[in-house]
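Asker: Once you've had a glance at the structure underneath, I'll fire off some questions.
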Amino acid sequence: MAITAAMVKELREISGAGMMDCKKALTATEGDMDKAMEFLREKGLATAQKKAGRIAAEGIVMLKVTDDSKKAVAVEVNAETDFVAKNEKFQGYVAQVAEQALETTATDVDAFLAEPWKFDTSKTVNEALAGQIAVIGENMKIRRFQQVEEANGFVASYTHMGGKIGVLVDVETDLVNDAIREMAKNVAMQVAALKPQYTSRDEVDAAYIEHEKEILTVQAKNEKPDANEKIINGMVMGRINKELKEICLLDQVYVKAEDGKQPVGKYVEEVAKANGAKVTIKGFVRFETGEGIEKKEEDFAAEVAKQMGM
């Protein structure tokens with residue numbers, strides 16, 4: 001039986017499930033609306049969709065690293081409350097998501113959700129997620145994942161505040177020993193604490209720099225209308241460099257620097273030289289739970305008043 005768009009639309013309105021899930025349910029049940037609804041309920045999709053409107057801004061960032069430290073992944077899975085985020089069952093589920101994300105060839109979350117679930121291949125990742133939502137009773141979301149692979153070195157990892165922040169650092173090196181690993185962990189902690197946007201200034205878009213120069217030039221001229229071009233240029237470049245030192249990891253002041261001045265890049269060079277190694281920090285991943293998600297502000301007093309008809 002041909003499954004029409006109108007049938008999918010009708011089932012979607014009844015169940016609240018996603019369009020592709022409704023189409024799959026109708027196909028599996030040869031267009032029988034009641035059986036399709038049962039199919040969705042059995043998969044936990046109809047229940048899950050009722051919770052999908054709730055904002056999932058809590059959760060956990062979990063890191064998974066291979067035994068040889070050559071490959072790693074960071075995943076963020078969200079829930080509605082911090083209580084659930086700390087729940088052992090939720091964390092066990094996220095560990096499974098991380099295990100699958102470490103091996104996936106998917107390049108985005110949609111493709112990842114469509115994959116067979118490693119721990120029960122009769123389901124997709126999305127269907128397994130829906131089942132967890134039905135059991136746990138909160139909206140949940142696999143928000144993002146990112147793999148890091150380094151054949152000529154290793155991937156360092158650091159988790160902060162029980163999974164509120166997770167960091168991976170790509171370290172290319174011809175020597176791996178305790179000192180190099182400790183340096184890499186310190187760099188990962190730097191990333192967690194100071195939230196750089198780039199690894200080095202080489203990554204910063206030239207168009208962005210030019211745009212900043214234009215703005216800062218006007219700003220400098222307004223401050224010193226009688227200054228010549230050389231002074232204005234000096235002011236602009238000084239401010240550009242200050243900004244780059246804040247947003248570029250290797251230019252940032254190393255948080256553990258004894259003199260309070262040493263940049264991260266110099267710290268890395270110092271450790272490499274002391275160990276006779278060649279070390280390059282090639283990149284990093286930093287995930288912070290709920291970053292960029294607008295959290296719903298709950299006014300408990302107002303909610304109670306509303307329930308009491310006040």
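Here's how to read the names in the structure tokens: chain A, B, ... by the order shown, residue numbers from 1 in each chain, ligand numbers from 1 in the order shown.
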Near Ala257 in chain A, counting only C-alpha atoms, which residues have an atom at most 12 Å away, once you skip same-chain residues fewer than 4 positions from it, shown as a list in words?
Answerer: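 Near neighbours after the sequence-gap exclusion: Asn186, Val187, Gln190, Gln252, Val253, Lys261, Gln262, Pro263, Val264, Gly265, Lys266, Tyr267, Val268 and Glu270 of chain A.
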Asker: Residues of range 133-167 of chain A in alpha helix (DSSP H) according to DSSP, as an MDAnalysis selection string?
Answerer: chainID A and resid 133:136
Asker: As a PyMOL selection string, which residues of range 33-266 of chain A does DSSP assign to strand (DSSP E or B)?
Answerer: chain A and resi 58-65+71-79+116-117+120-124+141-149+153-160+165-173+198+248+253+263
Asker: Can you pull out every residue within 8 Å of Val279 in chain A, counting only C-alpha atoms, but drop anything in the same chain fewer than 5 positions away, and send it as a list of chain:residue names?
Answerer: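 Once the nearby chain positions are removed, what remains is A:Val171, A:Glu172, A:Thr173, A:Asp174, A:Val268, A:Glu269, A:Ala272.
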Asker: Okay, now the selection with N, CA and C atoms, as a PDB file, in the first residue's frame?
Answerer:
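What follows is the written file result.pdb:
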```
ATOM      1  N   VAL A 171      47.566  16.556  20.228  1.00  0.00           N
ATOM      2  CA  VAL A 171      49.001  16.786  20.450  1.00  0.00           C
ATOM      3  C   VAL A 171      49.825  15.961  19.463  1.00  0.00           C
ATOM      4  N   GLU A 172      50.501  16.638  18.548  1.00  0.00           N
ATOM      5  CA  GLU A 172      51.428  15.952  17.648  1.00  0.00           C
ATOM      6  C   GLU A 172      52.808  15.988  18.298  1.00  0.00           C
ATOM      7  N   THR A 173      53.423  14.811  18.463  1.00  0.00           N
ATOM      8  CA  THR A 173      54.716  14.749  19.137  1.00  0.00           C
ATOM      9  C   THR A 173      55.479  13.493  18.732  1.00  0.00           C
ATOM     10  N   ASP A 174      56.810  13.604  18.718  1.00  0.00           N
ATOM     11  CA  ASP A 174      57.628  12.434  18.402  1.00  0.00           C
ATOM     12  C   ASP A 174      58.054  11.695  19.673  1.00  0.00           C
ATOM     13  N   VAL A 268      54.673  25.226  26.226  1.00  0.00           N
ATOM     14  CA  VAL A 268      54.757  23.994  25.436  1.00  0.00           C
ATOM     15  C   VAL A 268      56.177  23.822  24.890  1.00  0.00           C
ATOM     16  N   GLU A 269      56.752  24.895  24.355  1.00  0.00           N
ATOM     17  CA  GLU A 269      58.122  24.858  23.821  1.00  0.00           C
ATOM     18  C   GLU A 269      59.130  24.481  24.904  1.00  0.00           C
ATOM     19  N   ALA A 272      58.843  20.788  25.691  1.00  0.00           N
ATOM     20  CA  ALA A 272      59.357  20.018  24.554  1.00  0.00           C
ATOM     21  C   ALA A 272      60.887  20.028  24.551  1.00  0.00           C
TER      22      ALA A 272
END
```
Asker: Give the answer as one residue: which of A:Val169, A:Leu102, A:Ala74, A:Val176 has the shortest atom-to-atom distance to Lys118 in chain A, using only C-alpha atoms?
Answerer: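 For Lys118 in chain A, the nearest of the candidates is A:Leu102.
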Asker: Can you build me a table of range 100-164 of chain A residues sitting at most 10 Å from range 30-42 of chain A, with the closest atom pair per residue and its distance in Å to one decimal, using only C-alpha atoms, sorted by chain and residue number, as a tab-separated table?
Answerer:
```
residue	atom	partner	partner_atom	distance
A:Glu127	CA	A:Leu40	CA	9.6
A:Gly131	CA	A:Glu42	CA	8.9
A:Ala134	CA	A:Arg41	CA	9.7
```
Asker: List as an NGL selection string the protein and nucleic acid residues near range 7-14 of chain A, meaning an atom at most 7 Å away when only C-alpha atoms are counted, but skip any in the same chain fewer than 5 places from it.
Answerer: :A and (19 or 22-23 or 33)
Asker: Any chance you could export the current selection's all heavy atoms as a PDB file, in the first residue's frame?
Answerer:
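Okay, again.pdb is ready:
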```
ATOM      1  N   MET A  19       8.042  13.226  11.582  1.00  0.00           N
ATOM      2  CA  MET A  19       7.523  12.854  10.274  1.00  0.00           C
ATOM      3  C   MET A  19       8.121  11.527   9.766  1.00  0.00           C
ATOM      4  O   MET A  19       7.405  10.647   9.295  1.00  0.00           O
ATOM      5  CB  MET A  19       7.832  13.977   9.270  1.00  0.00           C
ATOM      6  CG  MET A  19       7.038  13.841   7.995  1.00  0.00           C
ATOM      7  SD  MET A  19       7.293  15.128   6.751  1.00  0.00           S
ATOM      8  CE  MET A  19       8.232  16.368   7.566  1.00  0.00           C
ATOM      9  N   CYS A  22       6.820   8.592  11.695  1.00  0.00           N
ATOM     10  CA  CYS A  22       5.445   8.272  11.299  1.00  0.00           C
ATOM     11  C   CYS A  22       5.420   7.507   9.980  1.00  0.00           C
ATOM     12  O   CYS A  22       4.680   6.537   9.811  1.00  0.00           O
ATOM     13  CB  CYS A  22       4.612   9.549  11.178  1.00  0.00           C
ATOM     14  SG  CYS A  22       4.233  10.317  12.759  1.00  0.00           S
ATOM     15  N   LYS A  23       6.258   7.937   9.045  1.00  0.00           N
ATOM     16  CA  LYS A  23       6.327   7.257   7.747  1.00  0.00           C
ATOM     17  C   LYS A  23       6.809   5.818   7.924  1.00  0.00           C
ATOM     18  O   LYS A  23       6.267   4.890   7.326  1.00  0.00           O
ATOM     19  CB  LYS A  23       7.261   8.023   6.809  1.00  0.00           C
ATOM     20  CG  LYS A  23       7.261   7.466   5.389  1.00  0.00           C
ATOM     21  CD  LYS A  23       8.129   8.293   4.459  1.00  0.00           C
ATOM     22  CE  LYS A  23       8.096   7.695   3.053  1.00  0.00           C
ATOM     23  NZ  LYS A  23       8.960   8.456   2.119  1.00  0.00           N
ATOM     24  N   MET A  33      -3.558   2.755  10.542  1.00  0.00           N
ATOM     25  CA  MET A  33      -3.324   3.879  11.447  1.00  0.00           C
ATOM     26  C   MET A  33      -3.230   3.438  12.911  1.00  0.00           C
ATOM     27  O   MET A  33      -2.362   3.891  13.651  1.00  0.00           O
ATOM     28  CB  MET A  33      -4.437   4.924  11.273  1.00  0.00           C
ATOM     29  CG  MET A  33      -4.093   6.301  11.810  1.00  0.00           C
ATOM     30  SD  MET A  33      -2.733   7.130  10.916  1.00  0.00           S
ATOM     31  CE  MET A  33      -3.447   7.379   9.294  1.00  0.00           C
TER      32      MET A  33
END
```
Asker: Counting only C-alpha atoms, give me one row per residue of range 124-194 of chain A with an atom at most 9 Å from an atom of range 55-60 of chain A, showing the shortest contact pair and its distance in Å to one decimal, sorted by chain then residue number, as a Markdown table.
Answerer:
```
| residue | atom | partner | partner_atom | distance |
| --- | --- | --- | --- | --- |
| A:Glu138 | CA | A:Ala56 | CA | 8.3 |
| A:Asn139 | CA | A:Ala56 | CA | 6.1 |
| A:Met140 | CA | A:Ala56 | CA | 6.0 |
| A:Lys141 | CA | A:Ala56 | CA | 6.8 |
| A:Gly162 | CA | A:Ile60 | CA | 8.0 |
| A:Gly163 | CA | A:Ile60 | CA | 5.1 |
| A:Lys164 | CA | A:Ile60 | CA | 5.8 |
| A:Ile165 | CA | A:Ile60 | CA | 8.0 |
| A:Gly166 | CA | A:Ile60 | CA | 8.9 |
```
Asker: For the selection you just gave me, I'd like the residues written to a file as a short mmCIF file (atom, residue, chain, number, x, y, z; two decimals), in the first residue's frame, keeping all heavy atoms.
Answerer:
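The result, written out as again-v8.cif:
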```cif
data_model
loop_
_atom_site.label_atom_id
_atom_site.label_comp_id
_atom_site.auth_asym_id
_atom_site.auth_seq_id
_atom_site.Cartn_x
_atom_site.Cartn_y
_atom_site.Cartn_z
N GLU A 138 12.05 12.48 31.14
CA GLU A 138 12.42 13.86 30.78
C GLU A 138 12.81 13.91 29.33
O GLU A 138 13.29 12.92 28.76
CB GLU A 138 13.63 14.35 31.61
CG GLU A 138 13.29 14.76 33.00
CD GLU A 138 14.43 15.57 33.65
OE1 GLU A 138 15.41 15.94 32.97
OE2 GLU A 138 14.29 15.83 34.84
N ASN A 139 12.63 15.09 28.72
CA ASN A 139 13.14 15.27 27.36
C ASN A 139 14.66 15.18 27.39
O ASN A 139 15.32 15.71 28.29
CB ASN A 139 12.71 16.63 26.81
CG ASN A 139 13.07 16.77 25.33
OD1 ASN A 139 13.17 15.77 24.62
ND2 ASN A 139 13.26 17.98 24.88
N MET A 140 15.22 14.47 26.43
CA MET A 140 16.67 14.33 26.31
C MET A 140 17.06 14.57 24.87
O MET A 140 16.26 14.39 23.95
CB MET A 140 17.11 12.92 26.76
CG MET A 140 17.00 12.68 28.24
SD MET A 140 16.91 10.92 28.66
CE MET A 140 18.35 10.27 27.82
N LYS A 141 18.30 14.96 24.69
CA LYS A 141 18.76 15.28 23.33
C LYS A 141 20.24 14.97 23.19
O LYS A 141 21.05 15.38 24.02
CB LYS A 141 18.51 16.77 23.05
CG LYS A 141 18.90 17.21 21.64
CD LYS A 141 18.61 18.69 21.46
CE LYS A 141 18.99 19.15 20.06
NZ LYS A 141 18.79 20.61 19.91
N GLY A 162 32.64 17.27 36.94
CA GLY A 162 31.81 16.09 36.74
C GLY A 162 31.11 16.01 35.41
O GLY A 162 30.06 15.39 35.28
N GLY A 163 31.68 16.65 34.40
CA GLY A 163 31.09 16.57 33.06
C GLY A 163 30.40 17.84 32.60
O GLY A 163 29.75 17.85 31.56
N LYS A 164 30.54 18.92 33.35
CA LYS A 164 29.98 20.21 32.90
C LYS A 164 30.78 20.72 31.70
O LYS A 164 30.24 21.34 30.79
CB LYS A 164 30.02 21.25 34.02
CG LYS A 164 28.99 21.03 35.13
CD LYS A 164 27.57 21.21 34.61
CE LYS A 164 26.54 21.08 35.73
NZ LYS A 164 25.15 21.14 35.20
N ILE A 165 32.10 20.46 31.73
CA ILE A 165 32.98 20.87 30.63
C ILE A 165 33.86 19.68 30.27
O ILE A 165 34.38 18.99 31.14
CB ILE A 165 33.88 22.06 31.03
CG1 ILE A 165 33.02 23.28 31.37
CG2 ILE A 165 34.87 22.41 29.91
CD1 ILE A 165 33.82 24.44 31.98
N GLY A 166 34.02 19.43 28.98
CA GLY A 166 34.90 18.38 28.50
C GLY A 166 35.82 18.94 27.44
O GLY A 166 35.38 19.69 26.56
#
```
Asker: Hey, can you check how far CA of Ala98 in chain A sits from CA of Glu182 in chain A?
Answerer: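 That distance, rounded to one decimal, is 24.3 Å.
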Asker: Calculated over only C-alpha atoms, which of the candidates A:Glu246, A:Asp251, A:Asp67, A:Glu229 has the smallest distance to Ser200 in chain A?
Answerer: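 Between A:Glu246, A:Asp251, A:Asp67, A:Glu229, the residue approaching Ser200 in chain A most closely is A:Asp251.
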Asker: List the spatial neighbours of Val167 in chain A as a count of residues only - criterion: any atom at most 10 Å away, only C-alpha atoms, same-chain residues fewer than 3 positions off excluded.
Answerer: 23
